[in-house]
Amino acid sequence: MGKIPPSFRSAIGNPNIRNPSSLFRPQPPSPPSKPFPSPKKKSPKPIPQPNPIFKTPNLEDAKKIFDSIANSSKDPRFPNSLLHSYAKIATSTTDSVKFLHHITKTLPSFSPDRSTFHILLSHSCANPNSNSNSNSDLSAIHQTLNSMHAAGVTPDAATADVAIRALCSAAHLDDAVELIKEFASKHCPPDTYTFNFLVKHLCKARAVSSVYDFIDEMREKFGVKPDLVTYTILIDNVCNGKNLREAMRLVNVLHEEGFKPDCFVYNTIMKGYCVLSRGSEAIEVYNKMKEEGVEPDLVTYNTLIYGLSKSGRVVEAKKLLRVMTEKGYFPDEVTYTTLMNGLCRKGEALAALALLGEMEGKGCSPNECTYNTLLHGLCKARLMEKAIEFYGVIKEGGLKLDTASYGTFVRALCREGRVAEAYEVFDYAVESKSLSDVAAYSTLESTLKWLKKAKEQGLAV
């Protein structure tokens, strides 16, 4: 069976074990054996943060503090640092701008530059009085830009980027769209990073048709063209919306625009098909990918193995496992766990268990997900003796139970009339913080109610 953890191997092979429930009895703690994860290292103590310079957002107090520091500091950078500290707590952009005016008046040698105004822009949408008011946020941006013009500093692409990110962080996407058009017409077109950043946020909150309209308008009016990253964002968005036909249309558009889809694009589309259990279409995308000369990577193979396993095509998935090995990609715990899940779905839990031995024999350590997958599969296949033995491995290793395997195991134990053992599993789930107390108890309670009803109807002993 391969390199099975010692505790599991002994549990399976020991003929003296007549009552598997003995594995539920308290046992002295023992150090986890190899493939279990090492104990987590203690988190380092947090580094103490220095006390803030400005205790309150009061402008007059801030001016006094600045005056006291200005008389003693010779660092030419300190005005920007103090402006940054005050802008973080200021109640309005107006106060921040006034504070900047006080700085320039107190220190005639200080000349604000772009970085000075970028500080104001980055905090213009973060003060507590503007978060609920879209218009005040946009007016705060304009107020800062006006001060920038008055100081003789010209906004550039970086200025647009800071302002757009500030508006997006406040979820004012309409204002961000308006501002990026304003920059493109009055100052300079946005760079691809800013443009794609806004497109990504629009995809999360708007219908894809409105995003297309925005992209078309930026192209036609301002000459801002989408690039490979833009199309990748769009493809990821439509795949998340399960619109795979649109994703393939966008791939064709990519070609028409002179771009070559990369591995990430194809992987994204394959994942979309796999989530819908459409393994055949995923394979078609894989073949198209190879025809285009794009080399598959480990994510590609893991995605396809997941899709084929989910579709019940485990034999093909195992063949793909050999292909990826021949290509120099070594299966990892994700690959093996995915295959085990596929086998368990088909009711072949023992074959999945044998795959664990192959996995460990090749030096690949299982993780918590692997063990939970197998426990869930053994319970579904009603192989309770092996499921209980395997639970012993999980418990001995100090691993957590996931919601699905915990629920399935508890229900299986109750179905077998082993209610006391189900309570012990509940205790472990709570003690190991696998589930919250409420979630763990709710599952146990609903199972016991089902058991009581089944006994009344003569469906359980």
# chains A, B, ... in the order shown; residues from 1 in each chain; ligands from 1
$ residues_around --residues "Val314 in chain A" --least-positions-apart "3" --cutoff "9 Å" --atoms "only C-alpha atoms" --output "list in words"
Ile305, Leu308, Ser309, Lys310, Ser311, Ala317, Lys318, Lys319, Leu339, Gly342, Leu343 and Lys346 of chain A
$ write_last_selection --atoms "C-alpha atoms" --output "PDB file, in the first residue's frame"
ATOM      1  CA  ILE A 305      -7.243  16.421 -13.489  1.00  0.00           C
ATOM      2  CA  LEU A 308     -11.934  15.093 -15.319  1.00  0.00           C
ATOM      3  CA  SER A 309     -12.165  13.690 -11.794  1.00  0.00           C
ATOM      4  CA  LYS A 310     -15.215  15.823 -11.044  1.00  0.00           C
ATOM      5  CA  SER A 311     -16.829  14.581 -14.253  1.00  0.00           C
ATOM      6  CA  ALA A 317      -7.350  11.835 -15.205  1.00  0.00           C
ATOM      7  CA  LYS A 318      -4.848   9.143 -14.208  1.00  0.00           C
ATOM      8  CA  LYS A 319      -3.537   9.036 -17.771  1.00  0.00           C
ATOM      9  CA  LEU A 339      -7.674  12.235  -7.976  1.00  0.00           C
ATOM     10  CA  GLY A 342     -12.644  11.653  -8.020  1.00  0.00           C
ATOM     11  CA  LEU A 343     -12.208   8.034  -6.986  1.00  0.00           C
ATOM     12  CA  LYS A 346     -17.203   6.955  -7.923  1.00  0.00           C
TER      13      LYS A 346
END
$ residues_around --residues "range 271-275 of chain A" --least-positions-apart "3" --cutoff "10 Å" --atoms "only C-alpha atoms" --output "PyMOL selection string"
chain A and resi 236+238-244+247+266-268+278-283+285+299-300+302-311
$ closest_residue --among "A:Asn341, A:Thr94, A:Ser405, A:Ser209" --to "Asn237 in chain A" --atoms "only C-alpha atoms"
A:Ser209
$ residues_around --residues "Asp191 in chain A" --least-positions-apart "6" --cutoff "12 Å" --atoms "only C-alpha atoms" --output "ChimeraX atom specification"
/A:156-162,164,180,183-184,197-198,218,222-227
$ atom_distance --atom1 "CA of Ile233 in chain A" --atom2 "CA of Val199 in chain A"
7.7 Å
